[in-house]
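Student: model21.cif is the file, holding mmCIF, C-alpha atoms and all ligand atoms:
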```cif
data_target
loop_
_atom_site.label_atom_id
_atom_site.label_comp_id
_atom_site.auth_asym_id
_atom_site.auth_seq_id
_atom_site.Cartn_x
_atom_site.Cartn_y
_atom_site.Cartn_z
CA MET A 1 76.81 88.08 110.16
CA ASP A 2 79.78 89.34 108.13
CA GLU A 3 80.24 87.56 104.84
CA ARG A 4 83.74 87.00 103.54
CA ILE A 5 84.34 88.96 100.37
CA ARG A 6 85.71 86.83 97.57
CA PHE A 7 88.64 87.74 95.38
CA TYR A 8 86.64 88.07 92.20
CA GLN A 9 84.33 90.56 93.87
CA THR A 10 87.19 92.94 94.59
CA GLY A 11 89.39 92.13 91.61
CA THR A 12 87.88 94.98 89.66
CA PHE A 13 88.61 98.55 90.55
CA THR A 14 85.11 99.79 89.99
CA VAL A 15 82.12 97.97 91.41
CA GLY A 16 84.07 95.56 93.61
CA ASN A 17 85.67 98.28 95.62
CA ARG A 18 82.31 99.42 96.97
CA LEU A 19 82.04 96.16 98.89
CA LEU A 20 85.14 97.01 100.88
CA THR A 21 85.73 99.46 103.68
CA PRO A 22 87.43 102.67 102.50
CA GLN A 23 90.71 101.52 104.09
CA GLN A 24 90.67 98.32 102.05
CA ARG A 25 89.86 99.90 98.71
CA SER A 26 92.41 100.15 95.94
CA VAL A 27 94.30 103.38 95.47
CA GLN A 28 92.77 103.77 92.02
CA ALA A 29 89.27 103.62 93.53
CA ASP A 30 90.11 106.66 95.64
CA ILE A 31 88.92 109.97 94.27
CA GLU A 32 92.06 111.48 95.83
CA ARG A 33 94.42 109.38 93.69
CA THR A 34 97.10 111.50 92.13
CA ASN A 35 96.90 110.37 88.48
CA SER A 36 100.69 110.50 88.66
CA LEU A 37 101.00 109.31 85.07
CA ASN A 38 98.27 111.27 83.40
CA SER A 39 96.49 110.70 80.09
CA GLY A 40 97.91 112.03 76.84
CA HIS A 41 101.13 110.01 76.88
CA ARG A 42 102.23 108.09 73.80
CA ALA A 43 102.37 104.47 74.92
CA CYS A 44 100.99 101.85 72.54
CA GLN A 45 97.48 100.62 73.08
CA GLY A 46 97.47 97.90 75.73
CA CYS A 47 100.94 98.80 77.05
CA GLY A 48 101.52 96.88 80.29
CA GLU A 49 104.29 99.24 81.33
CA ALA A 50 102.02 102.32 81.25
CA LEU A 51 99.39 100.49 83.26
CA GLY A 52 101.88 99.20 85.81
CA ALA A 53 103.58 102.56 86.25
CA ARG A 54 100.31 104.32 86.85
CA TYR A 55 99.27 101.91 89.59
CA ALA A 56 102.72 101.64 91.17
CA ILE A 57 103.39 105.35 91.35
CA ASP A 58 99.90 106.32 92.50
CA ALA A 59 100.20 103.75 95.31
CA ALA A 60 103.63 105.10 96.24
CA MET A 61 102.28 108.65 96.26
CA ARG A 62 99.50 107.71 98.63
CA ALA A 63 101.92 105.85 100.90
CA CYS A 64 104.17 108.88 101.37
CA ASP A 65 101.59 111.62 101.49
CA LYS A 66 102.57 112.76 98.00
CA GLN A 67 106.17 113.50 99.00
CA LEU A 68 107.74 111.55 96.16
CA ILE A 69 110.50 112.08 93.60
CA ALA A 70 111.02 109.61 90.74
CA ALA A 71 114.13 108.97 88.68
CA ASN A 72 113.52 107.26 85.35
CA ALA A 73 115.95 105.36 83.15
CA THR A 74 115.86 105.86 79.40
CA GLY A 75 113.38 103.48 77.84
CA CYS A 76 109.76 103.29 76.73
CA LEU A 77 108.36 104.62 79.99
CA GLU A 78 110.53 107.72 79.80
CA VAL A 79 110.10 108.24 76.05
CA PHE A 80 106.33 107.81 75.83
CA SER A 81 105.66 109.86 78.97
CA THR A 82 108.02 112.77 78.40
CA PRO A 83 108.65 113.92 74.85
CA TYR A 84 110.32 117.22 75.80
CA PRO A 85 108.92 119.78 76.51
CA GLU A 86 105.76 117.83 77.35
CA THR A 87 105.23 115.36 80.15
CA SER A 88 102.44 113.21 81.54
CA TRP A 89 104.00 113.02 84.99
CA GLN A 90 102.23 114.89 87.77
CA ILE A 91 105.11 114.40 90.20
CA PRO A 92 108.71 115.64 90.49
CA TRP A 93 110.41 113.38 87.95
CA ILE A 94 113.90 113.27 86.48
CA HIS A 95 115.20 111.47 83.42
CA SER A 96 118.55 109.86 84.16
CA LEU A 97 120.85 108.12 81.70
CA PHE A 98 119.97 104.61 80.53
CA GLY A 99 122.25 102.92 83.04
CA ASN A 100 122.51 105.14 86.11
CA THR A 101 118.96 105.52 87.47
CA ALA A 102 119.75 103.73 90.71
CA ALA A 103 122.74 106.03 91.32
CA VAL A 104 120.72 109.17 90.50
CA ALA A 105 117.98 108.07 92.89
CA THR A 106 120.57 107.38 95.57
CA GLY A 107 121.93 110.90 95.09
CA ILE A 108 118.46 112.42 95.42
CA ALA A 109 117.83 110.44 98.63
CA ALA A 110 121.19 111.59 100.02
CA ALA A 111 120.46 115.22 99.13
CA MET A 112 117.08 115.07 100.85
CA ARG A 113 118.73 113.58 103.94
CA VAL A 114 121.35 116.34 104.05
CA LYS A 115 118.67 118.98 103.68
CA GLY A 116 116.72 117.43 106.55
CA ARG A 117 113.75 116.63 104.32
CA SER A 118 113.26 113.18 105.72
CA LYS A 119 109.63 112.94 104.57
CA VAL A 120 110.56 113.01 100.89
CA ARG A 121 110.80 109.51 99.46
CA VAL A 122 112.53 108.36 96.28
CA ILE A 123 111.66 105.88 93.55
CA ALA A 124 113.83 104.72 90.68
CA GLN A 125 112.30 102.99 87.67
CA GLY A 126 113.41 101.46 84.43
CA GLY A 127 112.85 98.68 81.92
CA ASP A 128 114.44 95.24 82.07
CA GLY A 129 117.28 96.32 79.75
CA GLY A 130 118.10 99.34 81.91
CA THR A 131 117.85 97.18 85.01
CA THR A 132 119.24 93.74 84.26
CA ASP A 133 121.94 94.84 81.80
CA ILE A 134 123.36 98.34 81.64
CA GLY A 135 122.10 99.53 85.05
CA LEU A 136 122.95 96.44 87.06
CA GLY A 137 126.22 97.79 88.51
CA CYS A 138 124.58 100.94 89.87
CA LEU A 139 121.63 98.92 91.14
CA SER A 140 123.82 96.39 92.91
CA GLY A 141 125.68 99.28 94.56
CA MET A 142 122.39 100.79 95.67
CA PHE A 143 121.39 97.42 97.17
CA GLU A 144 124.76 96.85 98.81
CA ARG A 145 124.75 100.29 100.49
CA ASN A 146 121.09 99.76 101.44
CA ASP A 147 120.25 103.20 100.05
CA ASP A 148 116.79 104.46 100.86
CA VAL A 149 115.25 103.94 97.42
CA LEU A 150 112.46 101.78 96.00
CA TYR A 151 113.50 100.52 92.57
CA VAL A 152 110.74 99.32 90.21
CA CYS A 153 111.74 97.28 87.16
CA TYR A 154 109.11 97.10 84.41
CA ASP A 155 109.95 93.79 82.79
CA ASN A 156 108.67 93.50 79.22
CA GLN A 157 111.45 91.05 78.43
CA ALA A 158 113.36 93.06 75.80
CA TYR A 159 114.69 96.48 74.81
CA MET A 160 111.39 97.69 73.42
CA ASN A 161 112.07 101.37 72.98
CA THR A 162 114.78 100.83 70.38
CA GLY A 163 113.00 98.14 68.37
CA VAL A 164 112.75 94.95 70.43
CA GLN A 165 116.31 93.77 70.96
CA ARG A 166 117.11 90.92 73.34
CA SER A 167 117.92 91.70 76.97
CA SER A 168 119.17 89.34 79.66
CA ALA A 169 115.54 89.05 80.77
CA THR A 170 114.35 87.78 77.37
CA PRO A 171 112.98 84.25 77.81
CA PRO A 172 114.23 81.20 75.88
CA ALA A 173 112.86 80.69 72.35
CA ALA A 174 111.38 84.18 72.15
CA ARG A 175 111.89 85.95 68.85
CA THR A 176 113.32 89.46 69.02
CA ALA A 177 115.06 91.63 66.44
CA THR A 178 118.37 90.14 67.59
CA THR A 179 117.19 86.57 68.22
CA MET A 180 115.58 85.77 64.92
CA ALA A 181 113.27 82.80 64.39
CA VAL A 182 115.69 81.05 62.06
CA GLY A 183 118.33 78.35 62.27
CA HIS A 184 118.79 75.28 64.40
CA GLU A 185 117.43 76.82 67.62
CA PRO A 186 115.16 79.69 66.51
CA GLY A 187 114.59 82.57 68.89
CA ASN A 188 116.47 83.30 72.09
CA VAL A 189 118.82 80.67 73.46
CA PHE A 190 118.00 78.50 76.45
CA GLY A 191 120.15 79.40 79.41
CA GLN A 192 120.07 81.09 82.75
CA GLY A 193 119.43 84.68 81.68
CA LYS A 194 119.45 86.92 84.73
CA ASP A 195 116.91 86.32 87.46
CA LEU A 196 116.92 89.84 88.90
CA PRO A 197 114.59 89.18 91.85
CA ARG A 198 116.98 86.41 93.01
CA ILE A 199 119.99 88.67 92.44
CA ALA A 200 118.30 91.38 94.52
CA MET A 201 117.54 88.81 97.24
CA ALA A 202 121.19 87.76 97.29
CA HIS A 203 121.95 91.29 98.57
CA ALA A 204 119.64 90.53 101.54
CA ILE A 205 117.88 93.89 101.17
CA PRO A 206 114.77 94.57 103.29
CA PHE A 207 112.19 94.00 100.55
CA VAL A 208 112.01 92.24 97.20
CA ALA A 209 108.76 91.42 95.43
CA THR A 210 107.48 90.34 92.05
CA ALA A 211 104.07 91.28 90.66
CA THR A 212 102.13 91.38 87.40
CA VAL A 213 99.67 93.81 85.89
CA ALA A 214 97.08 91.02 86.06
CA ASP A 215 96.73 91.61 89.79
CA LEU A 216 96.86 95.36 90.32
CA TRP A 217 95.52 95.11 93.81
CA ASP A 218 98.52 92.94 94.72
CA LEU A 219 100.83 95.46 93.04
CA GLU A 220 99.39 98.35 95.04
CA ARG A 221 99.67 96.30 98.23
CA LYS A 222 103.32 95.49 97.57
CA VAL A 223 104.23 99.09 96.71
CA THR A 224 102.49 100.25 99.88
CA LYS A 225 104.41 97.70 101.96
CA ALA A 226 107.70 98.67 100.34
CA MET A 227 107.05 102.35 100.99
CA ALA A 228 106.47 101.65 104.68
CA LEU A 229 110.05 100.40 104.90
CA HIS A 230 113.37 102.19 104.59
CA GLY A 231 116.55 101.04 102.88
CA ALA A 232 116.90 99.43 99.46
CA ARG A 233 113.73 97.86 98.10
CA TYR A 234 113.04 96.21 94.77
CA ILE A 235 109.85 95.37 92.86
CA HIS A 236 110.03 93.39 89.62
CA LEU A 237 106.85 93.95 87.65
CA PHE A 238 105.82 91.76 84.71
CA VAL A 239 104.41 94.02 81.98
CA PRO A 240 103.37 92.54 78.61
CA CYS A 241 104.26 94.61 75.55
CA PRO A 242 101.84 94.11 72.62
CA LEU A 243 104.28 95.63 70.12
CA GLY A 244 107.31 93.57 71.10
CA TRP A 245 105.47 90.34 71.84
CA GLY A 246 103.17 90.47 68.84
CA SER A 247 100.15 90.10 71.07
CA ALA A 248 96.73 91.70 70.93
CA ALA A 249 96.37 94.92 72.90
CA HIS A 250 93.37 93.47 74.68
CA ASP A 251 95.39 90.41 75.81
CA THR A 252 97.80 92.29 78.10
CA ILE A 253 96.08 91.38 81.35
CA LYS A 254 95.31 87.85 80.16
CA LEU A 255 98.94 87.17 79.24
CA ALA A 256 100.16 88.54 82.55
CA ARG A 257 97.74 86.23 84.34
CA LEU A 258 98.81 83.25 82.23
CA ALA A 259 102.49 83.98 82.94
CA LYS A 260 101.67 83.56 86.62
CA GLU A 261 99.23 80.67 86.27
CA THR A 262 101.65 78.63 84.13
CA GLY A 263 104.43 79.14 86.68
CA LEU A 264 106.67 80.92 84.18
CA PHE A 265 106.59 84.10 86.27
CA PRO A 266 106.54 83.30 90.00
CA VAL A 267 104.83 85.97 92.09
CA PHE A 268 106.29 86.25 95.55
CA GLU A 269 107.66 88.52 98.26
CA ALA A 270 110.97 88.24 100.13
CA ARG A 271 112.39 89.96 103.17
CA HIS A 272 116.12 90.12 103.82
CA GLY A 273 116.82 87.44 101.22
CA GLU A 274 114.14 84.95 102.28
CA VAL A 275 110.86 84.25 100.50
CA THR A 276 108.04 85.14 102.90
CA GLU A 277 104.96 84.94 100.70
CA VAL A 278 103.98 83.38 97.38
CA SER A 279 100.88 83.94 95.24
CA LYS A 280 99.54 80.49 94.61
CA ILE A 281 98.37 79.20 91.25
CA ARG A 282 94.65 78.59 91.33
CA ARG A 283 94.32 76.83 87.98
CA ARG A 284 97.46 75.32 86.55
CA VAL A 285 97.81 76.12 82.86
CA PRO A 286 100.12 74.43 80.31
CA VAL A 287 102.70 76.87 78.92
CA GLU A 288 101.30 76.42 75.42
CA GLU A 289 98.26 78.49 76.38
CA TYR A 290 100.53 81.39 77.27
CA LEU A 291 102.90 81.03 74.29
CA ARG A 292 100.41 80.53 71.48
CA PRO A 293 98.78 84.02 71.40
CA GLN A 294 102.18 85.72 71.08
CA ARG A 295 103.75 86.12 67.64
CA ARG A 296 107.22 86.12 69.19
CA TYR A 297 106.63 82.37 69.68
CA ALA A 298 104.85 81.78 66.34
CA HIS A 299 107.77 79.65 65.08
CA LEU A 300 106.93 77.08 67.78
CA PHE A 301 103.48 76.50 66.30
CA GLY A 302 104.10 76.03 62.60
CA LYS A 303 103.09 73.02 60.52
CA GLN A 304 105.32 70.92 62.72
CA PRO A 305 104.99 72.24 66.28
CA ALA A 306 108.30 72.46 68.15
CA VAL A 307 107.22 69.90 70.72
CA GLU A 308 110.65 69.59 72.30
CA THR A 309 111.12 73.33 72.71
CA ILE A 310 107.67 73.71 74.25
CA ALA A 311 108.49 70.84 76.62
CA ARG A 312 111.70 72.62 77.68
CA ILE A 313 109.72 75.78 78.43
CA GLN A 314 107.24 73.65 80.39
CA GLN A 315 110.17 72.33 82.41
CA ILE A 316 111.07 75.89 83.41
CA ALA A 317 107.50 76.48 84.63
CA ASP A 318 107.47 73.15 86.49
CA ARG A 319 110.74 73.99 88.18
CA ASN A 320 109.40 77.35 89.36
CA ILE A 321 106.28 75.66 90.70
CA ARG A 322 108.44 73.22 92.65
CA VAL A 323 111.06 75.71 93.89
CA TYR A 324 108.55 78.35 95.05
CA GLY A 325 105.77 75.94 96.08
CA LEU A 326 103.34 77.73 93.79
CA LEU A 327 100.53 75.20 93.59
CA GLU A 328 97.57 75.85 95.81
CA GLU A 329 96.43 72.75 97.64
CA GLY A 330 93.69 71.16 95.57
CA ALA A 331 94.53 73.32 92.53
CA LEU A 332 93.21 71.93 89.28
C1 LIG A 401 124.23 104.13 76.96
C2 LIG A 401 123.03 103.98 76.09
N1 LIG A 401 122.98 102.93 75.24
C3 LIG A 401 121.90 102.76 74.47
C4 LIG A 401 120.88 103.65 74.51
C5 LIG A 401 119.71 103.47 73.58
N2 LIG A 401 118.54 103.00 74.27
C6 LIG A 401 117.60 103.86 74.73
S1 LIG A 401 116.29 103.10 75.42
C7 LIG A 401 116.95 101.57 75.06
C8 LIG A 401 116.20 100.32 75.36
C9 LIG A 401 115.44 100.33 76.64
O1 LIG A 401 115.05 99.02 76.96
P1 LIG A 401 114.50 98.66 78.38
O2 LIG A 401 115.37 99.18 79.45
O3 LIG A 401 114.23 97.20 78.41
O4 LIG A 401 113.12 99.47 78.48
P2 LIG A 401 111.83 99.37 77.56
O5 LIG A 401 111.99 100.35 76.46
O6 LIG A 401 111.70 97.97 77.08
O7 LIG A 401 110.74 99.75 78.49
C10 LIG A 401 118.20 101.69 74.44
C11 LIG A 401 119.03 100.56 74.00
C12 LIG A 401 120.98 104.74 75.41
N3 LIG A 401 119.99 105.64 75.53
N4 LIG A 401 122.06 104.88 76.18
S1 LIG A 402 106.68 99.25 72.72
FE1 LIG A 402 105.81 98.01 74.37
S2 LIG A 402 106.57 98.91 76.32
FE2 LIG A 402 106.87 100.41 74.64
S3 LIG A 402 105.05 101.72 74.70
FE3 LIG A 402 104.66 100.10 73.19
S4 LIG A 402 103.62 98.47 74.37
FE4 LIG A 402 104.58 99.87 75.85
#
```
Before we go any further, please render this structure as structure tokens.
Tutor:
Amino acid sequence: MDERIRFYQTGTFTVGNRLLTPQQRSVQADIERTNSLNSGHRACQGCGEALGARYAIDAAMRACDKQLIAANATGCLEVFSTPYPETSWQIPWIHSLFGNTAAVATGIAAAMRVKGRSKVRVIAQGGDGGTTDIGLGCLSGMFERNDDVLYVCYDNQAYMNTGVQRSSATPPAARTATTMAVGHEPGNVFGQGKDLPRIAMAHAIPFVATATVADLWDLERKVTKAMALHGARYIHLFVPCPLGWGSAAHDTIKLARLAKETGLFPVFEARHGEVTEVSKIRRRVPVEEYLRPQRRYAHLFGKQPAVETIARIQQIADRNIRVYGLLEEGAL
């Protein structure tokens, strides 16, 4: 009798994969993986962005039979991977300006179409600053025209490459170089920020998904799905940054998992503007568990803990849980 394989048995990319059929195995378990972002780059130890990019781009390469071109916004991913004249990329890759990656990718896709090279697929990628702030106009245009590009945003919640300045994806209360932990309301202000996955969904494009580097199998699956489609597609990937967050390098995966399990970062998939799938929370975690290990929130846990601020952050998580229906039935 076949026995159902449990998540934890396949959650690793080493031993667990052997329990699966070759078709079900992760891209990284495949000896044929491309190593698109090869070793030798200069990312910090424990960089979530480097990890996410490696898995996302290798999955995309497999999905299109290695016929892939990537455009990359200025930012950590570009800087640590490609200090000219060196590069860690093993794929055709172009560095765009900080704000025009989506437009550059659109141009590449158009050129390939004109040349009749319909098998060549295009990815655009950038950080949350390049995506939610300076690149948003080009990205919205790409969505609105339904250009044939998959855009991946690596969200580390600030402008890391230039020294940790606030972006419109920086969460409330977080300390950055421009939202200091001083004054009446230390850290970043409470407010709407920009919820890029929802903004992408408002364009009713064929595919929008969120993912974290805590579940790389899910990331590969979503990239593979996105690559099977044509038109504008968007993946928003949560990538902890030890340097900017003041977290331990070995806590990157743990923090990504806690962001999901608290409800602060909802993991879901949407087609044509409608949510079609959510990753449920298996063990609900109070936000404090996620905030405490990060020095960017240290001011909340001084001699007098900022109980009210923590409660406001908890409200954000609770709202996400309610809006997206994140709690698994019978979750603890
Ligand atoms: C027009 C322009 N303004 C500012 C910069 C300087 N700059 C380069 S990278 C960067 C921050 C990138 O932040 P983000 O997009 O969040 O990516 P991360 O480095 O966090 O991965 C800035 C401000 C630039 N290159 N071009
Ligand atoms: S600053 Fe952050 S995003 Fe940039 S390389 Fe270091 S860990 Fe990665």
Student: For Gln28 (chain A), please output as number ranges by chain all residues within 9 Å (counting only C-alpha atoms; exclusion window: fewer than 3 positions along the same chain).
Tutor: A: 13-14, 25, 31-35, 55, 58-59
Student: Given a cut-off of 8 Å, what residues near ligand LIG 402 (chain A) show up using all atoms listed in the file, put as a PyMOL selection string?
Tutor: chain A and resi 42-50+75-77+80+156+160-161+163-164+239-244
Student: Would you save the residues from that selection as a PDB file, in the frame of the given file, using C-alpha atoms?
Tutor:
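So part37.pdb came out as:
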```
ATOM      1  CA  ARG A  42     102.230 108.090  73.800  1.00  0.00           C
ATOM      2  CA  ALA A  43     102.370 104.470  74.920  1.00  0.00           C
ATOM      3  CA  CYS A  44     100.990 101.850  72.540  1.00  0.00           C
ATOM      4  CA  GLN A  45      97.480 100.620  73.080  1.00  0.00           C
ATOM      5  CA  GLY A  46      97.470  97.900  75.730  1.00  0.00           C
ATOM      6  CA  CYS A  47     100.940  98.800  77.050  1.00  0.00           C
ATOM      7  CA  GLY A  48     101.520  96.880  80.290  1.00  0.00           C
ATOM      8  CA  GLU A  49     104.290  99.240  81.330  1.00  0.00           C
ATOM      9  CA  ALA A  50     102.020 102.320  81.250  1.00  0.00           C
ATOM     10  CA  GLY A  75     113.380 103.480  77.840  1.00  0.00           C
ATOM     11  CA  CYS A  76     109.760 103.290  76.730  1.00  0.00           C
ATOM     12  CA  LEU A  77     108.360 104.620  79.990  1.00  0.00           C
ATOM     13  CA  PHE A  80     106.330 107.810  75.830  1.00  0.00           C
ATOM     14  CA  ASN A 156     108.670  93.500  79.220  1.00  0.00           C
ATOM     15  CA  MET A 160     111.390  97.690  73.420  1.00  0.00           C
ATOM     16  CA  ASN A 161     112.070 101.370  72.980  1.00  0.00           C
ATOM     17  CA  GLY A 163     113.000  98.140  68.370  1.00  0.00           C
ATOM     18  CA  VAL A 164     112.750  94.950  70.430  1.00  0.00           C
ATOM     19  CA  VAL A 239     104.410  94.020  81.980  1.00  0.00           C
ATOM     20  CA  PRO A 240     103.370  92.540  78.610  1.00  0.00           C
ATOM     21  CA  CYS A 241     104.260  94.610  75.550  1.00  0.00           C
ATOM     22  CA  PRO A 242     101.840  94.110  72.620  1.00  0.00           C
ATOM     23  CA  LEU A 243     104.280  95.630  70.120  1.00  0.00           C
ATOM     24  CA  GLY A 244     107.310  93.570  71.100  1.00  0.00           C
TER      25      GLY A 244
END
```
Student: Could you work out an axis-aligned bounding box for all listed atoms of ligand LIG 401 (chain A), with 6 Å added on each of the six sides, and give its centre and edge lengths in Å to one decimal, as lines of an AutoDock Vina configuration file?
Tutor:
```
center_x = 117.5
center_y = 101.4
center_z = 76.5
size_x = 25.5
size_y = 20.4
size_z = 17.9
```
Student: How close does chain A get to ligand LIG 401 (chain A)? List, as CSV, each residue of chain A within 9 Å, its nearest atom pair and the distance in Å to one decimal, counting only C-alpha atoms and all ligand atoms.
Tutor:
```
residue,atom,partner,partner_atom,distance
A:Glu49,CA,A:LIG401,O7,7.1
A:Ala73,CA,A:LIG401,O2,7.2
A:Thr74,CA,A:LIG401,S1,4.9
A:Gly75,CA,A:LIG401,O5,3.7
A:Cys76,CA,A:LIG401,O5,3.7
A:Leu77,CA,A:LIG401,O7,5.6
A:Glu78,CA,A:LIG401,O7,8.1
A:Val79,CA,A:LIG401,S1,8.1
A:Leu97,CA,A:LIG401,N4,6.5
A:Phe98,CA,A:LIG401,N4,4.8
A:Gly99,CA,A:LIG401,C1,6.5
A:Gly126,CA,A:LIG401,O2,5.8
A:Gly127,CA,A:LIG401,O4,3.5
A:Asp128,CA,A:LIG401,O3,4.2
A:Gly129,CA,A:LIG401,O3,3.4
A:Gly130,CA,A:LIG401,O2,3.7
A:Thr131,CA,A:LIG401,O2,6.4
A:Thr132,CA,A:LIG401,O2,8.2
A:Asp133,CA,A:LIG401,O2,8.2
A:Ile134,CA,A:LIG401,C1,7.5
A:Gly135,CA,A:LIG401,O2,8.8
A:Cys153,CA,A:LIG401,O2,8.7
A:Tyr154,CA,A:LIG401,O7,6.7
A:Asp155,CA,A:LIG401,O3,7.0
A:Asn156,CA,A:LIG401,O6,5.8
A:Gln157,CA,A:LIG401,O3,6.7
A:Ala158,CA,A:LIG401,O3,5.0
A:Tyr159,CA,A:LIG401,O1,3.3
A:Met160,CA,A:LIG401,O6,3.7
A:Asn161,CA,A:LIG401,O5,3.6
A:Thr162,CA,A:LIG401,C8,5.2
A:Gly163,CA,A:LIG401,C8,8.0
A:Val164,CA,A:LIG401,O6,7.4
A:Gln165,CA,A:LIG401,C8,7.9
A:Arg166,CA,A:LIG401,O3,8.6
A:Ser167,CA,A:LIG401,O3,6.8
A:Ala169,CA,A:LIG401,O3,8.6
A:Cys241,CA,A:LIG401,O6,8.3
A:Gly244,CA,A:LIG401,O6,8.6
```
Student: Could you please determine the separation between CA of Ala105 (chain A) and CA of Val275 (chain A) in Å, to one decimal place?
Tutor: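 Here the two named atoms are 26.0 Å from each other.
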Student: Please compute the CA of Pro171 (chain A)-CA of Gly187 (chain A) distance, one decimal, in Å.
Tutor: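 Taking CA of Pro171 (chain A) and CA of Gly187 (chain A), their separation equals 9.2 Å.
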Student: My list of candidates is A:Ile313, A:Met61, A:Lys303, A:Asp30. Which is closest to Asn188 (chain A) when distances are computed with only C-alpha atoms?
Tutor: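 Checking each candidate against Asn188 (chain A), we get A:Ile313 as the closest.
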Student: Can you measure CA of Asp148 (chain A) to CA of Met112 (chain A) for me? One decimal in Å is fine.
Tutor: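 CA of Asp148 (chain A) sits 10.6 Å away from CA of Met112 (chain A).
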Student: Select all residues near (103.7, 111.2, 77.5) (cut-off 6 Å, inclusive, file coordinates), counting all atoms listed in the file, and output them as a list in words.
Tutor: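 Final list of nearby residues, as requested, is Gly40, His41, Arg42, Phe80, Ser81, Thr82, Thr87 and Ser88 of chain A.
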Student: Would you kindly identify which residues have an atom no farther than 9 Å from (112.1, 112.8, 98.0), using only C-alpha atoms and the file's own coordinates, and write them out as a list in words?
Tutor: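 Here is the list of nearby residues: Gln67, Leu68, Ile69, Ala70, Pro92, Ile108, Ala109, Ala111, Met112, Arg113, Arg117, Ser118, Lys119, Val120, Arg121, Val122 and Ile123 of chain A.
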Student: Next, the residues of the selection above should be written as a JSON list (two decimals), in the coordinates of the input with C-alpha atoms.
Tutor:
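Output file again_26.json is given in full below:
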```json
[["chain", "number", "residue", "atom", "x", "y", "z"],
["A", 67, "GLN", "CA", 106.17, 113.50, 99.00],
["A", 68, "LEU", "CA", 107.74, 111.55, 96.16],
["A", 69, "ILE", "CA", 110.50, 112.08, 93.60],
["A", 70, "ALA", "CA", 111.02, 109.61, 90.74],
["A", 92, "PRO", "CA", 108.71, 115.64, 90.49],
["A", 108, "ILE", "CA", 118.46, 112.42, 95.42],
["A", 109, "ALA", "CA", 117.83, 110.44, 98.63],
["A", 111, "ALA", "CA", 120.46, 115.22, 99.13],
["A", 112, "MET", "CA", 117.08, 115.07, 100.85],
["A", 113, "ARG", "CA", 118.73, 113.58, 103.94],
["A", 117, "ARG", "CA", 113.75, 116.63, 104.32],
["A", 118, "SER", "CA", 113.26, 113.18, 105.72],
["A", 119, "LYS", "CA", 109.63, 112.94, 104.57],
["A", 120, "VAL", "CA", 110.56, 113.01, 100.89],
["A", 121, "ARG", "CA", 110.80, 109.51, 99.46],
["A", 122, "VAL", "CA", 112.53, 108.36, 96.28],
["A", 123, "ILE", "CA", 111.66, 105.88, 93.55]]
```
Student: For Gln294 (chain A), list every protein, DNA or RNA residue within 6 Å, evaluated using all atoms listed in the file, and leave out those in the same chain fewer than 3 positions away; present the list as a list of chain:residue names.
Tutor: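 Result of the neighbour search: A:Trp245, A:Gly246, A:Ser247, A:Leu291, A:Tyr297.
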Student: Could you give me, as a PyMOL selection string, the residues within 7 Å of Thr106 (chain A), counting all atoms listed in the file and dropping anything in the same chain fewer than 5 positions from it?
Tutor: chain A and resi 142+147+149
Student: Using all atoms listed in the file, pick whichever of A:His230, A:Ala200, A:Gly191, A:Gln90 has the shortest atom-to-atom distance to Gly137 (chain A).
Tutor: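 Smallest separation from Gly137 (chain A) among the options: A:Ala200.
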Student: Within 12 Å of region 217-220 of chain A, which residues of region 258-332 of chain A come that close, and what is the closest atom pair and distance in Å for each? Count all atoms listed in the file and give it as a Markdown table.
Tutor:
```
| residue | atom | partner | partner_atom | distance |
| --- | --- | --- | --- | --- |
| A:Val267 | CA | A:Asp218 | CA | 9.8 |
| A:Phe268 | CA | A:Asp218 | CA | 10.3 |
| A:Glu269 | CA | A:Asp218 | CA | 10.8 |
| A:Glu277 | CA | A:Asp218 | CA | 11.9 |
| A:Val278 | CA | A:Asp218 | CA | 11.3 |
| A:Ser279 | CA | A:Asp218 | CA | 9.3 |
```
